[in-house]
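Structure file input_28.cif; described as mmCIF, C-alpha atoms.
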```cif
data_run
#
loop_
_atom_site.label_atom_id
_atom_site.label_comp_id
_atom_site.auth_asym_id
_atom_site.auth_seq_id
_atom_site.Cartn_x
_atom_site.Cartn_y
_atom_site.Cartn_z
CA MET A 1 87.72 64.51 64.81
CA THR A 2 87.94 63.87 61.09
CA ARG A 3 85.67 61.10 59.90
CA ALA A 4 87.61 58.23 58.30
CA SER A 5 85.17 58.27 55.39
CA SER A 6 86.16 61.86 54.57
CA ILE A 7 89.91 61.36 54.55
CA PRO A 8 91.58 61.75 51.15
CA GLY A 9 93.37 58.56 50.24
CA HIS A 10 90.65 56.29 51.63
CA ALA A 11 88.48 54.39 49.16
CA GLU A 12 85.40 54.37 51.39
CA LEU A 13 84.12 57.80 50.39
CA VAL A 14 80.37 58.44 50.54
CA GLY A 15 78.80 58.16 47.10
CA GLN A 16 81.86 56.58 45.49
CA ALA A 17 81.40 53.15 43.96
CA PRO A 18 84.50 50.93 44.02
CA HIS A 19 86.04 50.50 40.58
CA LEU A 20 89.06 48.56 39.44
CA GLN A 21 92.16 50.43 38.27
CA THR A 22 95.55 49.28 37.06
CA HIS A 23 98.59 50.72 38.83
CA PRO A 24 100.85 52.55 36.34
CA GLN A 25 103.86 50.72 37.79
CA PRO A 26 104.17 46.92 37.25
CA ASP A 27 105.21 44.60 40.06
CA GLU A 28 108.70 43.15 40.51
CA HIS A 29 107.91 40.50 37.89
CA GLY A 30 106.76 43.04 35.32
CA LYS A 31 103.11 42.09 35.70
CA PRO A 32 100.25 44.61 36.01
CA VAL A 33 98.82 45.30 39.46
CA ASN A 34 95.09 45.88 39.83
CA ILE A 35 93.88 48.24 42.55
CA ARG A 36 90.55 46.86 43.76
CA ARG A 37 89.43 49.95 45.67
CA PRO A 38 91.34 52.97 44.37
CA SER A 39 92.14 55.80 46.74
CA THR A 40 90.88 59.34 46.27
CA PRO A 41 93.29 62.27 45.85
CA SER A 42 92.86 65.56 47.65
CA ALA A 43 92.53 68.92 45.95
CA LEU A 44 95.86 70.44 44.92
CA SER A 45 95.25 73.27 47.38
CA ALA A 46 95.52 70.79 50.27
CA TRP A 47 99.29 70.52 49.76
CA MET A 48 99.67 74.13 50.86
CA ASP A 49 97.22 73.87 53.78
CA LEU A 50 99.04 72.89 56.98
CA SER A 51 95.77 71.84 58.63
CA CYS A 52 94.63 69.22 56.13
CA ILE A 53 95.70 65.81 54.87
CA ALA A 54 96.91 66.00 51.28
CA ALA A 55 96.86 62.88 49.12
CA VAL A 56 98.02 61.83 45.67
CA VAL A 57 97.40 58.63 43.72
CA PRO A 58 99.82 56.96 41.28
CA GLY A 59 100.49 59.27 38.36
CA GLY A 60 98.36 61.99 39.95
CA SER A 61 98.83 65.76 39.81
CA MET A 62 101.17 67.52 42.22
CA PRO A 63 102.12 71.18 42.74
CA PRO A 64 105.49 72.13 41.21
CA ALA A 65 107.18 72.28 44.62
CA LEU A 66 106.64 72.30 48.37
CA ASN A 67 108.76 74.08 50.98
CA GLY A 68 111.27 75.03 48.31
CA ILE A 69 111.88 71.47 47.05
CA ALA A 70 110.61 70.55 43.58
CA PHE A 71 108.43 67.54 42.92
CA GLN A 72 110.26 65.79 40.10
CA ALA A 73 110.75 62.09 39.45
CA TRP A 74 114.19 60.80 40.42
CA SER A 75 115.72 60.03 37.03
CA ASP A 76 118.73 57.94 38.09
CA PRO A 77 118.19 56.09 41.39
CA PRO A 78 120.57 53.23 42.24
CA THR A 79 119.75 50.03 40.40
CA ASP A 80 121.42 47.47 42.67
CA ALA A 81 122.40 46.85 46.29
CA ASN A 82 125.90 48.24 45.79
CA GLY A 83 124.47 51.49 44.48
CA TRP A 84 122.18 51.87 47.48
CA GLU A 85 125.04 51.13 49.85
CA ALA A 86 127.17 53.78 48.17
CA LEU A 87 124.36 56.31 48.51
CA ALA A 88 123.86 55.45 52.18
CA GLN A 89 127.57 55.95 52.85
CA ARG A 90 127.32 59.60 51.79
CA SER A 91 125.23 60.53 54.82
CA LEU A 92 125.47 57.81 57.45
CA VAL A 93 123.70 58.54 60.73
CA ALA A 94 124.79 57.32 64.15
CA GLU A 95 122.69 54.45 65.46
CA PRO A 96 122.69 51.85 68.24
CA ALA A 97 123.49 48.19 67.66
CA PHE A 98 120.71 46.22 65.99
CA ALA A 99 119.77 42.62 66.73
CA ALA A 100 116.49 41.19 65.49
CA PRO A 101 114.80 38.89 68.03
CA LYS A 102 114.63 35.21 67.16
CA GLY A 103 111.95 34.51 64.58
CA LEU A 104 111.77 38.07 63.26
CA THR A 105 113.38 39.32 60.05
CA ALA A 106 115.40 42.55 59.92
CA ALA A 107 113.61 45.43 58.20
CA ALA A 108 113.98 49.20 57.86
CA GLY A 109 111.58 52.09 57.42
CA VAL A 110 111.48 55.86 57.19
CA VAL A 111 109.40 58.60 58.77
CA ILE A 112 109.73 61.48 56.33
CA GLN A 113 109.00 64.88 57.84
CA GLU A 114 108.53 68.10 55.91
CA SER A 115 110.13 71.28 57.21
CA ASP A 116 106.60 72.52 58.05
CA GLY A 117 106.14 69.58 60.44
CA ARG A 118 103.82 67.40 58.36
CA ILE A 119 104.47 63.68 58.02
CA TRP A 120 104.47 61.57 54.85
CA MET A 121 102.60 58.23 54.91
CA VAL A 122 101.62 55.58 52.38
CA CYS A 123 98.51 53.51 51.69
CA PRO A 124 99.60 49.96 50.74
CA THR A 125 97.99 48.69 47.54
CA ASN A 126 94.84 46.73 48.33
CA GLN A 127 95.61 47.21 52.05
CA PHE A 128 98.41 44.66 51.89
CA ALA A 129 98.93 42.84 55.22
CA GLY A 130 95.84 44.63 56.54
CA TYR A 131 97.38 48.12 56.63
CA ALA A 132 95.29 51.02 55.35
CA VAL A 133 97.94 53.64 56.17
CA THR A 134 101.53 53.13 57.30
CA PHE A 135 105.12 54.30 56.84
CA PRO A 136 107.44 53.15 54.03
CA LYS A 137 109.26 50.04 55.23
CA GLY A 138 110.56 46.70 54.05
CA ARG A 139 112.95 43.84 54.66
CA THR A 140 116.63 44.52 54.21
CA ASP A 141 117.14 41.73 51.65
CA GLY A 142 120.89 41.71 52.22
CA LYS A 143 121.34 45.48 52.35
CA SER A 144 122.37 47.49 55.39
CA LEU A 145 119.55 49.00 57.41
CA GLN A 146 120.24 52.53 56.20
CA ALA A 147 120.50 51.49 52.55
CA ALA A 148 117.26 49.53 52.89
CA ALA A 149 115.50 52.57 54.37
CA LEU A 150 116.55 54.73 51.41
CA THR A 151 115.34 52.02 49.03
CA GLU A 152 111.91 51.75 50.65
CA ALA A 153 111.41 55.52 50.51
CA ILE A 154 111.70 55.63 46.73
CA GLU A 155 109.97 52.31 46.04
CA GLU A 156 106.92 52.91 48.20
CA SER A 157 106.57 56.68 48.13
CA GLY A 158 108.51 57.96 45.10
CA ARG A 159 110.73 60.18 47.22
CA ARG A 160 114.47 60.57 47.53
CA VAL A 161 115.31 61.19 51.17
CA ARG A 162 118.22 61.93 53.47
CA LEU A 163 118.31 60.10 56.80
CA LEU A 164 118.61 62.40 59.82
CA ARG A 165 118.69 60.12 62.85
CA HIS A 166 117.67 56.78 64.32
CA LEU A 167 114.10 56.94 65.58
CA ILE A 168 112.94 53.62 67.06
CA ASP A 169 113.08 49.83 66.63
CA VAL A 170 109.67 48.15 66.55
CA LYS A 171 108.49 44.54 66.63
CA ARG A 172 105.97 43.86 63.89
CA THR A 173 104.21 40.60 63.02
CA GLN A 174 107.08 39.11 61.02
CA THR A 175 109.82 41.73 61.20
CA TYR A 176 111.88 43.78 63.61
CA THR A 177 111.93 47.17 61.94
CA ARG A 178 114.36 50.00 62.50
CA TYR A 179 112.88 53.39 61.67
CA TYR A 180 114.80 56.51 60.77
CA LEU A 181 113.68 60.11 60.75
CA ALA A 182 114.31 61.50 57.27
CA GLU A 183 113.82 64.60 55.15
CA ARG A 184 112.70 64.82 51.53
CA VAL A 185 115.37 65.99 49.10
CA GLY A 186 113.84 65.00 45.77
CA GLY A 187 111.49 62.73 43.86
CA THR A 188 107.72 62.96 43.68
CA PRO A 189 105.04 60.88 45.43
CA SER A 190 103.06 60.57 42.19
CA ALA A 191 105.85 58.20 41.04
CA MET A 192 105.14 55.75 43.89
CA GLY A 193 105.83 52.11 43.07
CA TRP A 194 103.22 49.38 42.76
CA GLU A 195 103.24 48.59 46.49
CA SER A 196 101.40 51.86 47.25
CA GLN A 197 98.10 53.13 45.91
CA CYS A 198 98.29 56.52 47.61
CA VAL A 199 100.80 58.77 49.36
CA MET A 200 99.59 61.18 52.02
CA LEU A 201 100.99 64.20 53.84
CA ALA A 202 99.39 64.65 57.25
CA PRO A 203 99.68 67.22 60.05
CA HIS A 204 100.20 65.79 63.52
CA SER A 205 96.69 66.87 64.50
CA GLU A 206 95.15 64.57 61.89
CA ILE A 207 97.27 61.44 62.34
CA ALA A 208 94.94 60.01 65.00
CA ALA A 209 92.12 60.00 62.44
CA LEU A 210 94.07 57.57 60.26
CA HIS A 211 93.56 54.68 62.72
CA LEU A 212 97.12 53.40 62.53
CA ALA A 213 98.13 49.92 63.62
CA ARG A 214 99.77 49.68 67.05
CA PRO A 215 103.35 49.37 65.71
CA ASP A 216 102.89 52.60 63.76
CA ILE A 217 101.39 54.34 66.78
CA LEU A 218 104.62 53.52 68.62
CA VAL A 219 106.56 55.13 65.77
CA VAL A 220 104.44 58.28 65.98
CA ARG A 221 104.91 58.49 69.75
CA SER A 222 108.65 58.13 69.32
CA LEU A 223 108.62 60.95 66.79
CA GLU A 224 106.70 63.18 69.19
CA LEU A 225 109.31 62.54 71.87
CA LYS A 226 112.11 63.41 69.45
CA ILE A 227 110.35 66.63 68.52
CA ALA A 228 110.02 67.51 72.19
CA THR A 229 113.77 67.06 72.65
CA PRO A 230 115.49 70.45 72.25
CA SER A 231 118.48 68.93 70.44
CA GLY A 232 116.38 66.95 67.98
CA PRO A 233 115.24 68.22 64.58
CA GLY A 234 111.57 69.01 64.18
CA PRO A 235 108.98 71.74 63.81
CA SER A 236 108.26 74.44 66.33
CA ARG A 237 105.38 74.09 68.79
CA LYS A 238 103.40 76.60 66.73
CA GLN A 239 103.81 74.43 63.62
CA ARG A 240 102.54 71.36 65.49
CA LEU A 241 99.30 72.94 66.64
CA HIS A 242 96.98 72.73 63.62
CA ARG A 243 93.22 73.15 63.65
CA PRO A 244 91.21 69.98 62.89
CA CYS A 245 90.27 69.63 59.21
CA SER A 246 86.95 67.99 58.47
CA VAL A 247 86.09 69.31 55.00
CA TRP A 248 88.09 68.17 51.97
CA GLY A 249 88.27 69.84 48.58
#
```
Can I see the file as structure tokens?
Amino acid sequence: MTRASSIPGHAELVGQAPHLQTHPQPDEHGKPVNIRRPSTPSALSAWMDLSCIAAVVPGGSMPPALNGIAFQAWSDPPTDANGWEALAQRSLVAEPAFAAPKGLTAAAGVVIQESDGRIWMVCPTNQFAGYAVTFPKGRTDGKSLQAAALTEAIEESGRRVRLLRHLIDVKRTQTYTRYYLAERVGGTPSAMGWESQCVMLAPHSEIAALHLARPDILVVRSLELKIATPSGPGPSRKQRLHRPCSVWG
């Protein structure tokens, strides 16, 4: 199993002294955000290695493209709720009724899967809410669930995505979050917003090494069930069986 201390994206690397960095993106009030324990990027070669976790930090280097889709910052994303709703309407996915339990706020998130089977994840800045690694998610703030999911993808991971299907609804500490399976269609993770200090791309074989919180483990299990369903989108069995990766460039 991969040691947590050797995972790109984690600050606790052997021999690395913590040092303060300022996130290139300001917060929602226009103020600078200091990263107390910056994450560590992987080698560029990791993005092409299906067996390893690849990681990029804010403003970091990325290959020109992956799986035929260029990494390029989204130049004209929607700027208000109406714009996000209009974008969501272009590719609505079927979904069951949603009702947040009493005391929990409605939220939406995305599980973005590459065509090679790897999964995109984010490292919240300064491990916000205690999460070292998680999926892009956030409260709806008046938007529809699908519009909110699209918003969180770009804000937390720098990627433009297309929703593919409903995945699972999960109770979290303060929210009831609907997750969608999605595919990347544009953007670049190096343009992640201030809420993330690292974006990672992980093969299924390495996800267990990330020590996810229980709600995210439920999301991963739901994804595995969807992949096992013949009618659901997902990688082939051969793509899912990667060798463990314990040495990082």
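Around A:Ile207, within 9 Å and counting all atoms listed in the file, the residues found are A:Ile53, A:Ile119, A:Val220, once anything fewer than 6 positions away on its own chain is removed.
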Worksheet entry | Expansion of the PyMOL selection byres ((chain A and resi 63) around 9) into residues, as a ChimeraX atom specification | /A:44-45,47-48,61-62,64-66,70-71
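Our summary of the geometry notes that atom CA of A:Ala97 is positioned 27.5 Å from atom CA of A:Glu114.
Near A:Ser144, within 9 Å and counting only C-alpha atoms, sit Glu85, Ala88 and Ala108 of chain A; same-chain residues fewer than 6 positions away were not included.
Distance check against A:Pro58 using only C-alpha atoms: of A:Val122, A:Val111, A:Leu181, A:Val170, the minimum falls on A:Val122.
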